[in-house]
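Novice: One structure is given below, represented as C-alpha coordinates, and several questions about it will come after.
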Amino acid sequence: MDISDDTCCCYGCGSINVGLTLEECDSCPECGSLDIGSYEDLCHDMDEAQDQYQGD
(Lines give C-alpha, C1' and ligand atoms only; values in the text may rest on other atoms or scores of the structure.)
Protein backbone atom coordinates (compact mmCIF):
# COMPACT_ATOMS: atom_id res chain seq x y z
CA MET A 1 0.00 0.00 0.00
CA ASP A 2 1.12 3.52 -0.68
CA ILE A 3 0.90 6.54 1.55
CA SER A 4 -1.39 9.16 0.03
CA ASP A 5 -1.84 12.80 0.99
CA ASP A 6 -5.04 11.98 2.89
CA THR A 7 -3.58 9.07 4.88
CA CYS A 8 -4.53 9.35 8.56
CA CYS A 9 -1.59 10.41 10.74
CA CYS A 10 -1.33 11.06 14.46
CA TYR A 11 0.35 14.13 15.88
CA GLY A 12 0.35 12.51 19.33
CA CYS A 13 2.36 9.33 18.69
CA GLY A 14 3.54 10.03 15.14
CA SER A 15 1.99 6.93 13.58
CA ILE A 16 1.18 6.91 9.88
CA ASN A 17 -1.85 4.68 9.44
CA VAL A 18 -1.36 3.35 5.93
CA GLY A 19 -4.60 2.15 4.39
CA LEU A 20 -6.78 4.53 6.41
CA THR A 21 -7.82 7.92 5.10
CA LEU A 22 -8.46 10.86 7.38
CA GLU A 23 -12.18 10.48 6.67
CA GLU A 24 -12.06 6.91 8.01
CA CYS A 25 -10.27 7.90 11.23
CA ASP A 26 -12.11 9.33 14.22
CA SER A 27 -9.05 8.85 16.41
CA CYS A 28 -5.62 7.26 16.12
CA PRO A 29 -5.89 3.45 16.00
CA GLU A 30 -2.46 3.19 17.66
CA CYS A 31 -2.82 5.42 20.73
CA GLY A 32 -6.44 6.67 20.66
CA SER A 33 -5.45 10.34 20.32
CA LEU A 34 -7.92 12.71 18.69
CA ASP A 35 -5.03 14.90 17.49
CA ILE A 36 -4.94 13.50 13.97
CA GLY A 37 -4.41 14.98 10.54
CA SER A 38 -3.59 14.07 6.98
CA TYR A 39 -0.15 12.93 5.87
CA GLU A 40 0.09 16.06 3.70
CA ASP A 41 -0.54 18.32 6.73
CA LEU A 42 1.84 16.33 8.92
CA CYS A 43 4.66 16.61 6.36
CA HIS A 44 4.01 20.32 5.85
CA ASP A 45 4.09 20.96 9.60
CA MET A 46 7.27 18.90 10.01
CA ASP A 47 8.97 20.79 7.18
CA GLU A 48 8.03 24.11 8.78
CA ALA A 49 9.30 23.00 12.18
CA GLN A 50 12.56 21.80 10.69
CA ASP A 51 13.05 25.09 8.84
CA GLN A 52 12.48 27.05 12.06
CA TYR A 53 14.84 24.78 13.99
CA GLN A 54 17.59 25.30 11.42
CA GLY A 55 17.05 29.03 11.81
CA ASP A 56 16.50 30.07 8.21
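Ordered as shown in the C-alpha coordinates, chains take letters A, B, and onward, while each chain numbers its residues from 1 and ligands are numbered from 1 in the order shown.
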Using backbone DSSP assignments, extract all strand (DSSP E or B) residues from stretch 9-54 of chain A; output them as a PyMOL selection string.
Specialist: chain A and resi 9-10+16-21+36-38
Novice: Env of A:Gly14: 12 Å cut, atoms = only C-alpha atoms, seq-sep filter 4 positions within chain, self excluded. Answer as a PyMOL selection string.
Specialist: chain A and resi 8-10+28-33+35-39+42-43+46
Novice: If you keep all heavy atoms, can you produce a file of those selected residues as a short mmCIF file (atom, residue, chain, number, x, y, z; two decimals), in the first residue's frame?
Specialist:
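What landed in result11.cif:
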data_model
loop_
_atom_site.label_atom_id
_atom_site.label_comp_id
_atom_site.auth_asym_id
_atom_site.auth_seq_id
_atom_site.Cartn_x
_atom_site.Cartn_y
_atom_site.Cartn_z
N CYS A 8 -4.33 8.92 7.17
CA CYS A 8 -4.53 9.35 8.56
C CYS A 8 -3.21 9.25 9.33
O CYS A 8 -2.61 8.19 9.41
CB CYS A 8 -5.59 8.47 9.20
SG CYS A 8 -5.91 8.84 10.93
N CYS A 9 -2.80 10.37 9.93
CA CYS A 9 -1.59 10.41 10.74
C CYS A 9 -1.89 11.00 12.10
O CYS A 9 -2.78 11.82 12.25
CB CYS A 9 -0.53 11.27 10.06
SG CYS A 9 0.00 10.62 8.48
N CYS A 10 -1.11 10.60 13.09
CA CYS A 10 -1.33 11.06 14.46
C CYS A 10 -0.22 12.01 14.89
O CYS A 10 0.96 11.68 14.79
CB CYS A 10 -1.37 9.86 15.40
SG CYS A 10 -1.62 10.33 17.12
N CYS A 28 -6.76 8.09 16.52
CA CYS A 28 -5.62 7.26 16.12
C CYS A 28 -5.83 5.81 16.56
O CYS A 28 -6.07 5.56 17.74
CB CYS A 28 -4.34 7.81 16.76
SG CYS A 28 -2.90 6.78 16.44
N PRO A 29 -5.73 4.86 15.63
CA PRO A 29 -5.89 3.45 16.00
C PRO A 29 -4.75 2.94 16.88
O PRO A 29 -4.90 1.95 17.58
CB PRO A 29 -5.94 2.71 14.68
CG PRO A 29 -5.56 3.66 13.62
CD PRO A 29 -5.59 5.04 14.19
N GLU A 30 -3.62 3.62 16.87
CA GLU A 30 -2.46 3.19 17.66
C GLU A 30 -2.57 3.62 19.13
O GLU A 30 -2.37 2.82 20.02
CB GLU A 30 -1.16 3.75 17.06
CG GLU A 30 -0.85 3.23 15.67
CD GLU A 30 -0.50 1.74 15.68
OE1 GLU A 30 0.14 1.28 16.63
OE2 GLU A 30 -0.89 1.05 14.72
N CYS A 31 -2.85 4.91 19.35
CA CYS A 31 -2.82 5.42 20.73
C CYS A 31 -4.16 6.00 21.20
O CYS A 31 -4.30 6.35 22.36
CB CYS A 31 -1.73 6.47 20.89
SG CYS A 31 -2.06 8.04 20.05
N GLY A 32 -5.14 6.16 20.28
CA GLY A 32 -6.44 6.67 20.66
C GLY A 32 -6.54 8.19 20.67
O GLY A 32 -7.58 8.74 20.99
N SER A 33 -5.46 8.88 20.31
CA SER A 33 -5.45 10.34 20.32
C SER A 33 -6.42 10.90 19.29
O SER A 33 -6.62 10.34 18.22
CB SER A 33 -4.04 10.85 20.00
OG SER A 33 -4.04 12.25 19.84
N ASP A 35 -5.87 13.91 18.18
CA ASP A 35 -5.03 14.90 17.49
C ASP A 35 -4.46 14.28 16.22
O ASP A 35 -3.30 13.89 16.16
CB ASP A 35 -3.91 15.36 18.43
CG ASP A 35 -3.17 16.57 17.91
OD1 ASP A 35 -3.67 17.21 16.96
OD2 ASP A 35 -2.10 16.88 18.44
N ILE A 36 -5.33 14.15 15.22
CA ILE A 36 -4.94 13.50 13.97
C ILE A 36 -5.04 14.48 12.81
O ILE A 36 -5.70 15.51 12.90
CB ILE A 36 -5.80 12.25 13.68
CG1 ILE A 36 -7.29 12.61 13.64
CG2 ILE A 36 -5.50 11.15 14.68
CD1 ILE A 36 -8.19 11.45 13.24
N GLY A 37 -4.37 14.16 11.73
CA GLY A 37 -4.41 14.98 10.54
C GLY A 37 -4.00 14.16 9.35
O GLY A 37 -3.70 12.97 9.45
N SER A 38 -3.97 14.79 8.19
CA SER A 38 -3.59 14.07 6.98
C SER A 38 -2.07 14.01 6.87
O SER A 38 -1.34 14.80 7.48
CB SER A 38 -4.15 14.77 5.74
OG SER A 38 -3.51 16.02 5.54
N TYR A 39 -1.59 13.08 6.09
CA TYR A 39 -0.15 12.93 5.87
C TYR A 39 0.42 14.21 5.25
O TYR A 39 1.50 14.66 5.63
CB TYR A 39 0.11 11.73 4.95
CG TYR A 39 1.56 11.47 4.70
CD1 TYR A 39 2.37 10.95 5.71
CD2 TYR A 39 2.14 11.71 3.46
CE1 TYR A 39 3.71 10.69 5.49
CE2 TYR A 39 3.48 11.46 3.24
CZ TYR A 39 4.26 10.95 4.26
OH TYR A 39 5.59 10.70 4.04
N LEU A 42 0.77 16.74 8.01
CA LEU A 42 1.84 16.33 8.92
C LEU A 42 3.21 16.65 8.30
O LEU A 42 4.07 17.22 8.96
CB LEU A 42 1.75 14.84 9.23
CG LEU A 42 2.81 14.28 10.17
CD1 LEU A 42 2.62 14.82 11.58
CD2 LEU A 42 2.76 12.76 10.19
N CYS A 43 3.39 16.33 7.04
CA CYS A 43 4.66 16.61 6.36
C CYS A 43 4.92 18.11 6.27
O CYS A 43 6.03 18.56 6.51
CB CYS A 43 4.67 16.01 4.96
SG CYS A 43 4.80 14.22 4.97
N MET A 46 5.93 19.36 9.68
CA MET A 46 7.27 18.90 10.01
C MET A 46 8.32 19.70 9.25
O MET A 46 9.36 20.06 9.80
CB MET A 46 7.43 17.40 9.72
CG MET A 46 6.58 16.52 10.59
SD MET A 46 7.00 16.66 12.33
CE MET A 46 8.14 15.33 12.48
#
Novice: For each of A:Cys25, A:Leu34, A:Ala49, A:Leu20, take the minimum atom-to-atom distance to A:Thr7, counting only C-alpha atoms, then give the residue where this is smallest.
Specialist: A:Leu20
Novice: When you draw a straight line from atom CA of A:Gln54 to atom CA of A:Ile16, how long is it in Å?
Specialist: 24.7 Å
Novice: Can you tell me how far atom CA of A:Gln50 sits from atom CA of A:Tyr11, in Å to one decimal?
Specialist: 15.3 Å
Novice: How far is it from atom CA of A:Thr21 to atom CA of A:Asp6, in Å with one decimal?
Specialist: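 According to the coordinates, atom CA of A:Thr21 and atom CA of A:Asp6 are separated by 5.4 Å.
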Novice: Which residue, A:Glu40, A:Asp47, A:Asp26, A:Tyr53, has the smallest gap to A:Asp5 when you use only C-alpha atoms?
Specialist: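 Going through A:Glu40, A:Asp47, A:Asp26, A:Tyr53 one by one, the smallest distance to A:Asp5 is for A:Glu40.
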